[in-house]
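Source file: coords.txt; contents: compact mmCIF, C-alpha atoms.
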```
# COMPACT_ATOMS: atom_id res chain seq x y z
CA MET A 5 23.55 -24.90 -18.94
CA LYS A 6 23.18 -25.26 -15.18
CA ALA A 7 21.44 -21.87 -14.97
CA LYS A 8 19.14 -22.86 -17.87
CA ASN A 9 18.14 -26.08 -16.09
CA LYS A 10 17.49 -24.13 -12.90
CA THR A 11 15.25 -21.65 -14.76
CA GLU A 12 13.44 -24.52 -16.49
CA ARG A 13 12.85 -26.25 -13.14
CA ARG A 14 11.59 -23.00 -11.61
CA ASP A 15 9.23 -22.43 -14.57
CA LYS A 16 7.87 -25.98 -14.29
CA ALA A 17 7.37 -25.55 -10.53
CA ARG A 18 5.50 -22.30 -11.21
CA LEU A 19 3.22 -24.03 -13.72
CA THR A 20 2.55 -26.88 -11.28
CA ALA A 21 1.69 -24.34 -8.56
CA ILE A 22 -0.78 -22.63 -10.92
CA VAL A 23 -2.45 -25.99 -11.62
CA ILE A 24 -2.66 -26.93 -7.90
CA ILE A 25 -4.11 -23.53 -6.90
CA SER A 26 -6.57 -23.66 -9.82
CA LEU A 27 -7.69 -27.17 -8.83
CA LEU A 28 -8.25 -26.01 -5.23
CA VAL A 29 -10.30 -23.03 -6.43
CA ILE A 30 -12.28 -25.26 -8.81
CA ALA A 31 -12.97 -27.74 -5.98
CA THR A 32 -14.16 -24.90 -3.72
CA GLY A 33 -16.31 -23.48 -6.52
CA SER A 34 -17.85 -26.91 -7.13
CA LEU A 35 -18.61 -27.35 -3.41
CA PHE A 36 -20.16 -23.88 -3.39
CA SER A 37 -22.32 -24.81 -6.40
CA ILE A 38 -23.43 -28.15 -4.96
CA ASN A 39 -24.31 -26.45 -1.67
CA ALA A 40 -26.22 -23.70 -3.50
CA PHE A 41 -28.18 -26.18 -5.63
CA MET A 42 -29.01 -28.26 -2.54
CA ASN A 43 -30.37 -25.12 -0.86
CA GLY A 44 -32.47 -24.35 -3.94
CA GLU A 45 -30.33 -21.33 -4.97
CA THR A 46 -30.07 -21.93 -8.69
CA ALA A 47 -28.41 -18.55 -9.50
CA GLY A 48 -25.66 -19.10 -6.91
CA GLY A 49 -25.10 -22.62 -8.20
CA PHE A 50 -24.72 -21.46 -11.77
CA LEU A 51 -22.38 -18.65 -10.66
CA GLY A 52 -20.14 -21.23 -8.96
CA ILE A 53 -20.11 -23.32 -12.14
CA ILE A 54 -19.26 -20.27 -14.28
CA ILE A 55 -16.39 -19.35 -11.94
CA ALA A 56 -15.07 -22.93 -11.89
CA ILE A 57 -15.24 -23.21 -15.71
CA SER A 58 -13.58 -19.77 -16.17
CA ILE A 59 -10.70 -20.70 -13.86
CA LEU A 60 -10.36 -24.12 -15.48
CA ALA A 61 -10.20 -22.54 -18.95
CA PHE A 62 -7.64 -19.94 -17.82
CA ALA A 63 -5.50 -22.52 -15.99
CA LEU A 64 -5.57 -24.87 -19.02
CA LEU A 65 -4.59 -21.99 -21.32
CA VAL A 66 -1.72 -20.88 -19.07
CA PHE A 67 -0.53 -24.47 -18.54
CA ARG A 68 -0.65 -25.43 -22.22
CA ARG A 69 1.06 -22.24 -23.35
CA GLY A 70 3.67 -22.45 -20.61
CA ASN A 71 4.45 -26.11 -21.29
CA ARG A 72 4.77 -25.52 -25.03
CA ASP A 73 7.02 -22.49 -24.45
CA ILE A 74 9.34 -24.39 -22.10
CA LYS A 75 9.66 -27.22 -24.67
CA GLU A 76 10.41 -24.73 -27.47
CA GLY A 77 12.96 -22.84 -25.38
CA TYR A 78 10.96 -19.66 -24.66
CA PRO A 79 10.37 -18.32 -21.15
CA PRO A 80 6.73 -18.99 -20.08
CA GLN A 81 6.64 -15.46 -18.69
CA ASP A 82 8.48 -12.37 -19.86
CA GLU A 83 8.29 -8.64 -19.13
CA ARG A 84 5.30 -8.09 -21.44
CA SER A 85 3.23 -10.97 -20.06
CA LYS A 86 4.08 -9.81 -16.51
CA ARG A 87 2.94 -6.28 -17.39
CA VAL A 88 -0.31 -7.65 -18.87
CA LEU A 89 -0.91 -9.70 -15.72
CA GLU A 90 -0.22 -6.69 -13.46
CA LYS A 91 -2.48 -4.38 -15.45
CA ALA A 92 -5.31 -6.97 -15.58
CA SER A 93 -4.99 -7.63 -11.82
CA SER A 94 -4.95 -3.98 -10.79
CA THR A 95 -7.80 -2.96 -13.12
CA SER A 96 -10.00 -5.88 -12.03
CA PHE A 97 -9.24 -5.02 -8.38
CA TYR A 98 -10.31 -1.37 -8.80
CA VAL A 99 -13.43 -2.28 -10.77
CA THR A 100 -14.31 -4.87 -8.11
CA LEU A 101 -14.17 -2.15 -5.46
CA TYR A 102 -16.94 -0.32 -7.35
CA PHE A 103 -18.68 -3.66 -7.87
CA LEU A 104 -18.63 -4.25 -4.09
CA LEU A 105 -20.03 -0.79 -3.52
CA ALA A 106 -22.82 -1.52 -6.02
CA ILE A 107 -23.54 -4.87 -4.34
CA GLY A 108 -23.71 -3.11 -0.97
CA PHE A 109 -26.16 -0.59 -2.36
CA LEU A 110 -28.27 -3.10 -4.34
CA SER A 111 -28.42 -5.62 -1.50
CA GLU A 112 -30.50 -3.14 0.51
CA ASP A 113 -33.69 -3.88 -1.41
CA ILE A 114 -33.09 -4.84 -5.06
CA ILE A 115 -31.03 -8.06 -4.75
CA LYS A 116 -31.66 -10.27 -1.76
CA PHE A 117 -28.55 -12.10 -0.62
CA ARG A 118 -28.77 -14.98 1.84
CA ASP A 119 -25.93 -13.59 3.95
CA VAL A 120 -22.67 -11.65 3.74
CA SER A 121 -20.71 -14.71 2.57
CA GLN A 122 -23.00 -15.09 -0.44
CA ALA A 123 -22.56 -11.42 -1.38
CA THR A 124 -18.78 -11.79 -0.97
CA SER A 125 -18.81 -14.88 -3.19
CA VAL A 126 -20.66 -12.96 -5.90
CA ALA A 127 -18.03 -10.18 -5.64
CA VAL A 128 -15.16 -12.70 -5.87
CA GLY A 129 -16.85 -14.37 -8.84
CA GLY A 130 -17.25 -11.00 -10.49
CA MET A 131 -13.57 -10.26 -9.88
CA VAL A 132 -12.52 -13.54 -11.52
CA ILE A 133 -14.64 -12.84 -14.60
CA LEU A 134 -13.39 -9.22 -14.77
CA PHE A 135 -9.80 -10.38 -14.48
CA LEU A 136 -10.25 -12.76 -17.42
CA ILE A 137 -11.87 -10.04 -19.53
CA PHE A 138 -9.10 -7.51 -18.73
CA TRP A 139 -6.37 -10.12 -19.29
CA ILE A 140 -7.71 -10.85 -22.79
CA TYR A 141 -8.15 -7.10 -23.44
CA TYR A 142 -4.61 -6.08 -22.35
CA ASN A 143 -3.15 -9.01 -24.29
CA GLN A 144 -4.41 -7.42 -27.52
CA LYS A 145 -3.90 -3.78 -26.60
CA GLU A 146 -0.81 -1.57 -26.88
CA ILE A 147 0.91 -1.42 -23.50
CA MET B 9 6.48 4.38 -31.21
CA LYS B 10 7.91 2.96 -34.44
CA THR B 11 10.58 0.34 -34.69
CA ARG B 12 13.05 -0.83 -37.33
CA ILE B 13 13.44 -4.26 -35.75
CA LYS B 14 12.00 -6.09 -38.78
CA GLU B 15 14.46 -4.34 -41.10
CA PHE B 16 17.45 -5.08 -38.86
CA ARG B 17 16.27 -8.64 -38.32
CA ALA B 18 16.19 -9.21 -42.09
CA ARG B 19 19.82 -8.00 -42.36
CA TYR B 20 20.98 -10.83 -40.14
CA ASN B 21 18.48 -13.40 -41.47
CA LEU B 22 16.91 -13.78 -38.06
CA THR B 23 13.36 -14.97 -37.57
CA GLN B 24 11.11 -13.59 -34.83
CA GLU B 25 11.63 -16.89 -32.99
CA ASP B 26 15.42 -16.58 -33.20
CA LEU B 27 15.39 -13.02 -31.89
CA ALA B 28 12.95 -13.93 -29.11
CA LYS B 29 15.21 -16.77 -27.94
CA LYS B 30 18.33 -14.61 -28.14
CA VAL B 31 16.86 -11.83 -26.00
CA GLY B 32 14.93 -14.21 -23.71
CA VAL B 33 11.34 -13.17 -24.37
CA ARG B 34 8.25 -14.79 -25.86
CA ARG B 35 7.68 -14.59 -29.62
CA GLU B 36 4.51 -12.52 -29.08
CA THR B 37 6.62 -9.83 -27.44
CA ILE B 38 8.73 -9.49 -30.59
CA VAL B 39 5.54 -9.38 -32.71
CA PHE B 40 4.15 -6.54 -30.57
CA LEU B 41 7.54 -4.76 -30.55
CA GLU B 42 7.70 -4.82 -34.35
CA LYS B 43 4.17 -3.48 -34.61
CA GLY B 44 5.14 -0.67 -32.21
CA LYS B 45 2.45 -1.86 -29.82
CA TYR B 46 4.73 -2.50 -26.87
CA ASN B 47 7.05 -0.10 -25.07
CA PRO B 48 9.95 -2.26 -23.93
CA SER B 49 12.01 -1.79 -20.80
CA LEU B 50 15.44 -0.21 -21.25
CA GLN B 51 16.96 -3.64 -20.55
CA LEU B 52 14.99 -5.30 -23.36
CA ALA B 53 15.66 -2.42 -25.78
CA HIS B 54 19.37 -2.74 -24.97
CA ASN B 55 19.33 -6.52 -25.49
CA VAL B 56 17.53 -6.20 -28.84
CA ALA B 57 19.99 -3.51 -29.96
CA ARG B 58 22.95 -5.68 -28.92
CA VAL B 59 21.66 -8.75 -30.82
CA LEU B 60 20.82 -6.70 -33.92
CA LYS B 61 24.12 -4.75 -33.69
CA GLY B 62 22.38 -1.40 -33.75
CA LYS B 63 21.78 1.53 -31.46
CA ILE B 64 18.63 1.87 -29.37
CA GLU B 65 17.76 5.20 -31.05
CA GLU B 66 18.14 3.58 -34.49
CA LEU B 67 15.84 0.70 -33.63
CA PHE B 68 13.20 2.49 -31.58
CA ILE B 69 11.79 5.74 -32.90
CA PHE B 70 9.80 7.58 -30.27
CA GLU B 71 7.37 10.25 -31.38
CA VAL B 72 6.42 13.09 -29.06
CA LYS B 73 2.63 13.15 -28.83
CA GLY B 74 0.98 16.17 -30.44
CA LYS B 75 4.13 17.12 -32.36
CA LYS B 76 4.10 16.87 -36.15
```
Now, as a test, write the supplied structure out as structure tokens.
Amino acid sequence: MKAKNKTERRDKARLTAIVIISLLVIATGSLFSINAFMNGETAGGFLGIIIAISILAFALLVFRRGNRDIKEGYPPQDERSKRVLEKASSTSFYVTLYFLLAIGFLSEDIIKFRDVSQATSVAVGGMVILFLIFWIYYNQKEI
Amino acid sequence: MKTRIKEFRARYNLTQEDLAKKVGVRRETIVFLEKGKYNPSLQLAHNVARVLKGKIEELFIFEVKGKK
């Protein structure tokens, strides 16, 4: 019973941490968007909004599922969900490396970035979107 | 991989939810296990076999790829 309460507390703390980190990322994304819109960079602004909405949707999904599972007596994370998370993270990381390479190549003359930080933000945004896609994909696939 | 979890589960009148709680995983994991769409760790396979009072090799049938 004591061990169960400890696990439950740890799971709730984990969920709260996810929410706090997500809120911080959303706040940063919103600031990025506001700044981009104020500088007349519509594409950058919309990208920030897309990232913020994607993270918000993912955080809400994880929080809702986790909360429901704790109430029903299931662990919010088990070996399969951990494996899905690991596979989605590693695949999105590797694809982002290629994405960065492509950005580096395209930024020469095809896409004009304001500065390095803008190009990095696009890469991070791409990584977030890729992670979500791979997470959904591996959740359905045989692993 | 094929599994006989559903068959063993029916013997003991256990639902997917019951089995999930007994082995400490999410219900989706049991769903994927039954469909043969998830290769469990040895620990999970052992726990499932213990709860369903069977042997790992009875519950999980591994097929060698390319062999008929």
May I ask you to extract the residues of chain B within 12 Å of chain A, using all atoms listed in the file, and to give them as a compact mmCIF listing (two decimals) with C-alpha atoms, in the coordinates of the input?
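Final file, selection-v2.txt:
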```txt
# COMPACT_ATOMS: atom_id res chain seq x y z
CA MET B 9 6.48 4.38 -31.21
CA GLN B 24 11.11 -13.59 -34.83
CA GLU B 25 11.63 -16.89 -32.99
CA ASP B 26 15.42 -16.58 -33.20
CA LEU B 27 15.39 -13.02 -31.89
CA ALA B 28 12.95 -13.93 -29.11
CA LYS B 29 15.21 -16.77 -27.94
CA LYS B 30 18.33 -14.61 -28.14
CA VAL B 31 16.86 -11.83 -26.00
CA GLY B 32 14.93 -14.21 -23.71
CA VAL B 33 11.34 -13.17 -24.37
CA ARG B 34 8.25 -14.79 -25.86
CA ARG B 35 7.68 -14.59 -29.62
CA GLU B 36 4.51 -12.52 -29.08
CA THR B 37 6.62 -9.83 -27.44
CA ILE B 38 8.73 -9.49 -30.59
CA VAL B 39 5.54 -9.38 -32.71
CA PHE B 40 4.15 -6.54 -30.57
CA LEU B 41 7.54 -4.76 -30.55
CA GLU B 42 7.70 -4.82 -34.35
CA LYS B 43 4.17 -3.48 -34.61
CA GLY B 44 5.14 -0.67 -32.21
CA LYS B 45 2.45 -1.86 -29.82
CA TYR B 46 4.73 -2.50 -26.87
CA ASN B 47 7.05 -0.10 -25.07
CA PRO B 48 9.95 -2.26 -23.93
CA SER B 49 12.01 -1.79 -20.80
CA LEU B 50 15.44 -0.21 -21.25
CA GLN B 51 16.96 -3.64 -20.55
CA LEU B 52 14.99 -5.30 -23.36
CA ALA B 53 15.66 -2.42 -25.78
```
Would you list the contacts of region 37-47 of chain A as a list in words, taking every protein, DNA or RNA residue within 12 Å and counting only C-alpha atoms, but skipping same-chain residues closer than 6 positions in sequence? Ile30, Ala31, Ile53, Ile54, Ile55, Ala56, Ile57, Ile115, Lys116, Phe117, Arg118, Gln122, Ser125 and Val126 of chain A
Can you write just those residues out, C-alpha atoms, as a tab-separated table (two decimals), in the frame of the given file?
```tsv
chain	number	residue	atom	x	y	z
A	30	ILE	CA	-12.28	-25.26	-8.81
A	31	ALA	CA	-12.97	-27.74	-5.98
A	53	ILE	CA	-20.11	-23.32	-12.14
A	54	ILE	CA	-19.26	-20.27	-14.28
A	55	ILE	CA	-16.39	-19.35	-11.94
A	56	ALA	CA	-15.07	-22.93	-11.89
A	57	ILE	CA	-15.24	-23.21	-15.71
A	115	ILE	CA	-31.03	-8.06	-4.75
A	116	LYS	CA	-31.66	-10.27	-1.76
A	117	PHE	CA	-28.55	-12.10	-0.62
A	118	ARG	CA	-28.77	-14.98	1.84
A	122	GLN	CA	-23.00	-15.09	-0.44
A	125	SER	CA	-18.81	-14.88	-3.19
A	126	VAL	CA	-20.66	-12.96	-5.90
```
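Distance check against Thr124 (chain A) using all atoms listed in the file: of A:Phe103, A:Phe62, A:Phe50, A:Phe97, the minimum falls on A:Phe103.
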Could you give me, as a compact mmCIF listing (two decimals) with C-alpha atoms, keeping the file's coordinate frame, the residues within 9 Å of region 131-139 of chain A, counting only C-alpha atoms and dropping anything in the same chain fewer than 6 positions from it?
```
# COMPACT_ATOMS: atom_id res chain seq x y z
CA ILE A 54 -19.26 -20.27 -14.28
CA ILE A 55 -16.39 -19.35 -11.94
CA SER A 58 -13.58 -19.77 -16.17
CA ILE A 59 -10.70 -20.70 -13.86
CA PHE A 62 -7.64 -19.94 -17.82
CA VAL A 88 -0.31 -7.65 -18.87
CA LEU A 89 -0.91 -9.70 -15.72
CA LYS A 91 -2.48 -4.38 -15.45
CA ALA A 92 -5.31 -6.97 -15.58
CA SER A 93 -4.99 -7.63 -11.82
CA SER A 94 -4.95 -3.98 -10.79
CA THR A 95 -7.80 -2.96 -13.12
CA SER A 96 -10.00 -5.88 -12.03
CA PHE A 97 -9.24 -5.02 -8.38
CA VAL A 99 -13.43 -2.28 -10.77
CA THR A 100 -14.31 -4.87 -8.11
CA PHE A 103 -18.68 -3.66 -7.87
```
What is the CA of Ile140 (chain A) to CA of Lys86 (chain A) distance in Å? 13.4 Å
Which value, in Å to one decimal, gives the distance between CA of Thr20 (chain A) and CA of Arg68 (chain A)?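 One can read the CA of Thr20 (chain A) to CA of Arg68 (chain A) distance as 11.5 Å.
One distance worth recording is that between CA of Leu104 (chain A) and CA of Ala123 (chain A), which is 8.6 Å.
Look at Glu66 (chain B): the protein and nucleic acid residues within 9 Å of it, using all atoms listed in the file and passing over chain neighbours fewer than 6 places away, are Thr11, Arg12 and Ala57 of chain B.
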Selected residue, from A:Arg87, A:Leu27, A:Asn71, A:Gly129, that lies nearest to Arg13 (chain A) when counting all atoms listed in the file: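 Closest to Arg13 (chain A), using all atoms listed in the file: A:Asn71.
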Please determine the residues with any atom at most 9 Å from (2.5, -23.4, -14.7) (coordinates as given in the file, with all atoms listed in the file counting) and report them as a list in words.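 Within 9 Å of (2.5, -23.4, -14.7), the protein and nucleic acid residues are Asp15, Lys16, Ala17, Arg18, Leu19, Thr20, Ala21, Ile22, Val23, Ala63, Val66, Phe67, Arg68, Arg69, Gly70, Asn71 and Pro80 of chain A.
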